[in-house]
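Data from structure_33.txt: compact mmCIF, C-alpha atoms
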```
# COMPACT_ATOMS: atom_id res chain seq x y z
CA MET A 1 -15.08 6.91 -23.48
CA PRO A 2 -15.07 8.30 -19.93
CA ALA A 3 -12.55 6.97 -17.43
CA PRO A 4 -13.97 3.92 -15.62
CA ILE A 5 -13.42 4.52 -11.89
CA SER A 6 -15.20 6.71 -9.38
CA ILE A 7 -13.19 7.15 -6.17
CA ILE A 8 -15.38 7.43 -3.06
CA ILE A 9 -13.89 8.58 0.25
CA PRO A 10 -15.97 9.05 3.43
CA THR A 11 -14.61 11.82 5.65
CA LEU A 12 -15.13 13.33 9.06
CA ASN A 13 -12.47 15.82 10.18
CA ALA A 14 -9.94 14.08 7.95
CA GLY A 15 -7.90 17.17 7.10
CA GLY A 16 -4.69 15.68 8.45
CA ASP A 17 -4.82 12.50 6.35
CA LEU A 18 -6.80 13.40 3.25
CA PRO A 19 -4.01 15.19 1.29
CA ALA A 20 -1.78 12.09 1.27
CA CYS A 21 -4.71 9.93 0.21
CA ILE A 22 -5.57 12.26 -2.67
CA ASP A 23 -1.92 12.59 -3.72
CA SER A 24 -1.66 8.82 -4.05
CA LEU A 25 -4.49 8.92 -6.62
CA ILE A 26 -2.63 11.19 -9.06
CA PRO A 27 -1.09 8.26 -11.01
CA GLY A 28 -4.64 7.05 -11.67
CA ILE A 29 -5.53 10.39 -13.22
CA GLU A 30 -2.40 10.30 -15.36
CA ALA A 31 -3.25 6.76 -16.48
CA GLY A 32 -6.79 7.75 -17.46
CA LEU A 33 -8.41 5.48 -14.87
CA ILE A 34 -10.18 8.00 -12.64
CA ARG A 35 -13.41 9.57 -13.79
CA GLU A 36 -14.18 11.49 -10.61
CA LEU A 37 -13.40 11.85 -6.93
CA VAL A 38 -16.41 11.85 -4.60
CA ILE A 39 -15.84 13.03 -1.03
CA SER A 40 -18.76 12.01 1.18
CA ASP A 41 -18.46 14.19 4.26
CA GLY A 42 -20.26 13.68 7.55
CA GLY A 43 -20.04 17.22 8.92
CA SER A 44 -16.36 18.08 9.20
CA ASN A 45 -15.42 21.29 10.97
CA ASP A 46 -11.74 21.25 9.99
CA ALA A 47 -10.09 21.79 6.59
CA THR A 48 -11.55 18.64 5.01
CA ARG A 49 -14.04 20.41 2.77
CA LEU A 50 -11.49 22.98 1.60
CA ILE A 51 -9.07 20.18 0.73
CA ALA A 52 -11.78 18.34 -1.18
CA GLU A 53 -12.78 21.44 -3.12
CA GLY A 54 -9.14 22.25 -3.85
CA ALA A 55 -8.71 18.78 -5.32
CA GLY A 56 -11.71 19.26 -7.60
CA ALA A 57 -13.75 16.61 -5.84
CA ASP A 58 -17.52 16.32 -5.91
CA LEU A 59 -18.55 16.98 -2.32
CA VAL A 60 -21.54 15.11 -0.90
CA THR A 61 -22.66 16.01 2.62
CA GLY A 62 -24.99 14.47 5.17
CA GLU A 63 -25.22 12.92 8.60
CA PRO A 64 -22.10 11.17 9.94
CA GLY A 65 -21.80 7.39 9.82
CA ARG A 66 -19.37 5.58 7.57
CA ALA A 67 -21.91 3.22 6.01
CA ALA A 68 -24.37 6.03 5.26
CA GLN A 69 -21.57 8.14 3.81
CA LEU A 70 -20.40 5.30 1.58
CA ILE A 71 -23.96 4.80 0.36
CA ARG A 72 -24.39 8.50 -0.43
CA GLY A 73 -21.05 8.56 -2.23
CA ALA A 74 -21.98 5.57 -4.37
CA GLU A 75 -25.32 7.15 -5.25
CA ALA A 76 -23.51 10.25 -6.50
CA ALA A 77 -20.87 8.33 -8.47
CA ARG A 78 -21.13 7.81 -12.22
CA GLY A 79 -18.29 5.39 -12.95
CA ASP A 80 -18.60 1.81 -14.16
CA TRP A 81 -16.28 0.90 -11.28
CA LEU A 82 -16.33 2.16 -7.70
CA LEU A 83 -13.21 2.38 -5.54
CA PHE A 84 -13.98 2.98 -1.88
CA LEU A 85 -11.06 4.26 0.21
CA HIS A 86 -10.63 5.47 3.77
CA ALA A 87 -9.26 8.98 4.11
CA ASP A 88 -6.26 7.76 6.13
CA THR A 89 -5.17 5.28 3.43
CA ALA A 90 -2.68 6.07 0.67
CA LEU A 91 -2.15 3.66 -2.22
CA SER A 92 1.29 2.54 -3.39
CA ARG A 93 2.34 4.00 -6.73
CA ASP A 94 1.96 0.70 -8.60
CA TRP A 95 -1.78 0.60 -7.88
CA THR A 96 -2.62 1.84 -11.37
CA GLU A 97 -0.93 -1.12 -13.08
CA ARG A 98 -2.51 -3.65 -10.73
CA VAL A 99 -5.97 -2.10 -11.08
CA ALA A 100 -5.73 -1.77 -14.86
CA ASP A 101 -4.82 -5.46 -15.08
CA HIS A 102 -7.77 -6.35 -12.87
CA LEU A 103 -10.24 -4.31 -14.91
CA GLU A 104 -9.12 -6.09 -18.08
CA SER A 105 -8.73 -9.65 -16.80
CA ARG A 106 -11.45 -9.88 -14.13
CA PRO A 107 -14.18 -7.42 -15.11
CA ASP A 108 -16.82 -9.21 -13.05
CA LYS A 109 -14.87 -9.39 -9.77
CA ALA A 110 -14.23 -7.04 -6.87
CA ALA A 111 -10.75 -6.52 -5.44
CA VAL A 112 -8.96 -5.22 -2.36
CA PHE A 113 -5.39 -4.11 -1.76
CA SER A 114 -2.71 -5.67 0.42
CA LEU A 115 -2.57 -4.00 3.82
CA VAL A 116 0.47 -2.14 5.17
CA TYR A 117 0.53 0.08 8.25
CA ARG A 118 2.52 3.30 8.10
CA SER A 119 4.60 2.51 11.17
CA ASP A 120 8.08 1.26 12.04
CA ALA A 121 6.76 -0.71 15.02
CA ARG A 122 7.56 -4.42 14.94
CA MET A 123 3.92 -5.28 15.52
CA ALA A 124 2.85 -3.31 12.45
CA LYS A 125 4.14 -5.90 9.98
CA ARG A 126 2.86 -8.79 12.08
CA ILE A 127 -0.69 -7.49 12.32
CA ALA A 128 -0.80 -6.45 8.66
CA SER A 129 0.45 -9.90 7.66
CA ARG A 130 -2.26 -11.50 9.79
CA ALA A 131 -4.91 -9.32 8.12
CA ASN A 132 -3.65 -10.24 4.66
CA ARG A 133 -3.74 -13.96 5.53
CA ARG A 134 -7.31 -13.58 6.78
CA THR A 135 -8.20 -11.91 3.49
CA ARG A 136 -6.66 -14.73 1.44
CA TRP A 137 -8.04 -17.59 3.51
CA LEU A 138 -11.44 -16.30 4.57
CA GLY A 139 -12.19 -13.50 2.12
CA LEU A 140 -12.69 -11.04 5.01
CA PRO A 141 -10.67 -7.86 4.45
CA TYR A 142 -11.33 -4.70 6.45
CA GLY A 143 -12.34 -1.40 4.90
CA ASP A 144 -8.87 0.07 5.23
CA GLN A 145 -7.76 -2.27 2.43
CA GLY A 146 -10.04 -0.40 0.04
CA LEU A 147 -12.70 -1.98 -2.14
CA LEU A 148 -12.74 -1.90 -5.92
CA ILE A 149 -16.01 -3.20 -7.30
CA PRO A 150 -17.85 -3.09 -10.63
CA ARG A 151 -20.95 -0.93 -10.38
CA LYS A 152 -22.97 -3.84 -11.80
CA LEU A 153 -21.85 -6.13 -8.97
CA TYR A 154 -22.36 -3.40 -6.36
CA ASP A 155 -25.96 -2.96 -7.50
CA GLU A 156 -26.52 -6.72 -7.72
CA ILE A 157 -25.65 -7.28 -4.05
CA GLY A 158 -27.50 -4.17 -2.89
CA GLY A 159 -24.43 -2.11 -1.98
CA TYR A 160 -23.52 -1.26 1.59
CA ASP A 161 -25.99 -1.84 4.38
CA ASP A 162 -26.62 1.20 6.56
CA ILE A 163 -25.39 -0.30 9.82
CA PRO A 164 -23.26 1.34 12.54
CA LEU A 165 -20.36 -1.14 12.36
CA MET A 166 -19.09 -4.02 10.22
CA GLU A 167 -20.41 -2.53 6.98
CA ASP A 168 -17.08 -3.45 5.36
CA VAL A 169 -17.32 -7.07 6.50
CA ARG A 170 -20.96 -7.41 5.46
CA ILE A 171 -20.38 -6.21 1.91
CA VAL A 172 -17.48 -8.61 1.29
CA GLN A 173 -19.64 -11.41 2.67
CA ALA A 174 -22.25 -10.48 0.07
CA ILE A 175 -19.60 -10.39 -2.66
CA GLY A 176 -18.25 -13.82 -1.69
CA ARG A 177 -14.66 -15.05 -1.67
CA LYS A 178 -14.84 -16.43 -5.23
CA ARG A 179 -15.68 -12.96 -6.55
CA LEU A 180 -12.99 -11.13 -4.54
CA ALA A 181 -9.38 -10.73 -5.71
CA ILE A 182 -6.40 -9.48 -3.71
CA LEU A 183 -4.12 -7.03 -5.49
CA SER A 184 -0.41 -6.90 -4.72
CA ALA A 185 -0.47 -3.09 -4.65
CA GLU A 186 -0.53 -1.75 -1.10
CA ALA A 187 -3.09 0.17 0.90
CA ARG A 188 -0.76 2.06 3.25
CA THR A 189 -2.96 2.86 6.21
CA SER A 190 -2.48 5.08 9.24
CA ALA A 191 -1.43 3.28 12.42
CA ALA A 192 -2.64 6.11 14.69
CA LYS A 193 -5.36 4.06 16.41
CA TYR A 194 -2.96 1.20 17.12
CA GLU A 195 -0.31 3.56 18.42
CA ARG A 196 -2.86 5.27 20.63
CA ASP A 197 -4.51 2.14 22.04
CA GLY A 198 -1.56 -0.27 21.90
CA TRP A 199 -0.91 -2.74 19.08
CA ARG A 200 -1.85 -5.89 20.94
CA ARG A 201 -4.87 -4.39 22.66
CA ARG A 202 -6.30 -2.89 19.46
CA SER A 203 -5.64 -6.04 17.46
CA TRP A 204 -7.30 -8.24 20.08
CA LYS A 205 -10.30 -5.91 20.28
CA ASN A 206 -10.78 -5.94 16.49
CA ALA A 207 -10.48 -9.73 16.37
CA TRP A 208 -13.00 -10.10 19.21
CA LEU A 209 -15.48 -7.78 17.49
CA ILE A 210 -15.38 -9.59 14.16
CA THR A 211 -15.60 -12.97 15.88
CA ARG A 212 -18.69 -11.90 17.80
CA TYR A 213 -20.22 -10.46 14.62
CA LEU A 214 -19.65 -13.72 12.74
CA MET A 215 -21.25 -15.55 15.66
CA GLY A 216 -24.39 -13.44 15.34
CA ALA A 217 -23.95 -10.33 17.49
CA SER A 218 -25.77 -7.33 16.04
CA PRO A 219 -23.78 -4.42 14.56
CA GLU A 220 -25.78 -2.07 16.80
CA LYS A 221 -24.68 -3.83 19.99
CA LEU A 222 -21.08 -4.10 18.80
CA ALA A 223 -21.03 -0.42 17.85
CA ARG A 224 -22.13 0.62 21.33
CA GLU A 225 -19.33 -1.42 22.89
CA TYR A 226 -16.77 -0.31 20.30
CA ARG A 227 -17.37 3.36 21.05
```

Re-express the file's structure as structure tokens.
Amino acid sequence: MPAPISIIIPTLNAGGDLPACIDSLIPGIEAGLIRELVISDGGSNDATRLIAEGAGADLVTGEPGRAAQLIRGAEAARGDWLLFLHADTALSRDWTERVADHLESRPDKAAVFSLVYRSDARMAKRIASRANRRTRWLGLPYGDQGLLIPRKLYDEIGGYDDIPLMEDVRIVQAIGRKRLAILSAEARTSAAKYERDGWRRRSWKNAWLITRYLMGASPEKLAREYR
């Protein structure tokens, strides 16, 4: 039997972060969980493609846009389970045990990881804790927590929508809180954007965007303001 999971990572000039992300997947190869690694690139002009090829990944290329790249990656994947990861996220080493348990005990449910920011800043733990509470209470994780989903469920809900922002929120809304589990393994995500923009400012901006989206603002309008 082939390994069950296809890893799908959208990239755009991710050469600085991608090696750590790929390295964190090695335990999954050793445990016989990973069938393939699909890198869905949006036109990188750095070392991203060389890194992907060096890792033995299947490289899918096309126009940039995270949602479109996720869709293309899923179309190329062959696994019974899909694990979507951001290139600047590295999984904690215990992810294989947590995922294997999930595949066996909850084969019809999706799952996300617990969020941790790779930063020593005091605000890092506070904001990650807030995000994890939102995930538990509202079933609204962000994409940097990863998404593990059975292919059958992915197809049932129609996969990702090709929208310019909030594609991660929209797909977990389609999944529904009752079909979404939270794994104790960690998605250790880059804090570069927070450190660049300021922890409070970035956190407030993200919260304002998702609030406006939930109140009916279009992803297109939000994307224009976000950029």

Would you kindly return, as an MDAnalysis selection string, each protein, DNA or RNA residue with an atom no farther than 10 Å from any atom of Thr189 in chain A, considering only C-alpha atoms and excluding same-chain residues fewer than 2 positions away?
-> chainID A and resid 17 21 86:91 115:119 128 144:146 186:187 191:192

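Among the candidates A:Asp155, A:Glu97, A:Glu220, A:Glu195, the one nearest to Ala74 in chain A when counting only C-alpha atoms is A:Asp155.
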
Fewer than 4 positions away in the same chain doesn't count, so skip those; otherwise give me all residues within 8 Å of Trp199 in chain A, counting only C-alpha atoms, as a PyMOL selection string.
-> chain A and resi 123-124+194-195+203

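Here CA of Met166 in chain A is placed at a distance of 6.4 Å from CA of Pro219 in chain A.
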
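Distances to Ile8 in chain A were evaluated for A:Glu75, A:Glu63, A:Asp161, A:Asp168 using all atoms listed in the file, and the minimum falls at A:Glu75.
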
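Those residues that approach Glu225 in chain A to within 12 Å, counting all atoms listed in the file, are Pro164, Leu165, Lys205, Asn206, Trp208, Leu209, Arg212, Ala217, Ser218, Pro219 and Glu220 of chain A; same-chain residues fewer than 5 positions away are not listed.
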
With all atoms listed in the file as the atoms that count, which of A:Ser40, A:Thr211, A:Ser190, A:Thr96 lies nearest to Gly16 in chain A?
-> A:Ser190

Neighbours of Ala31 in chain A within 12 Å (only C-alpha atoms; same-chain residues fewer than 5 positions away dropped), as a VMD selection string?
-> chain A and resid 3 to 5 25 to 26 93 to 100

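One finds CA of Asp23 in chain A at 23.4 Å from CA of Pro150 in chain A.
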
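Taking CA of Gly28 in chain A and CA of Gly42 in chain A as the two end points, the separation is 25.6 Å.
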
Do you know which residues lie at most 8 Å from (-22.5, 19.3, 4.1), with coordinates as in the file and all atoms listed in the file counted, and could you write them as a PyMOL selection string?
-> chain A and resi 41-43+59-62
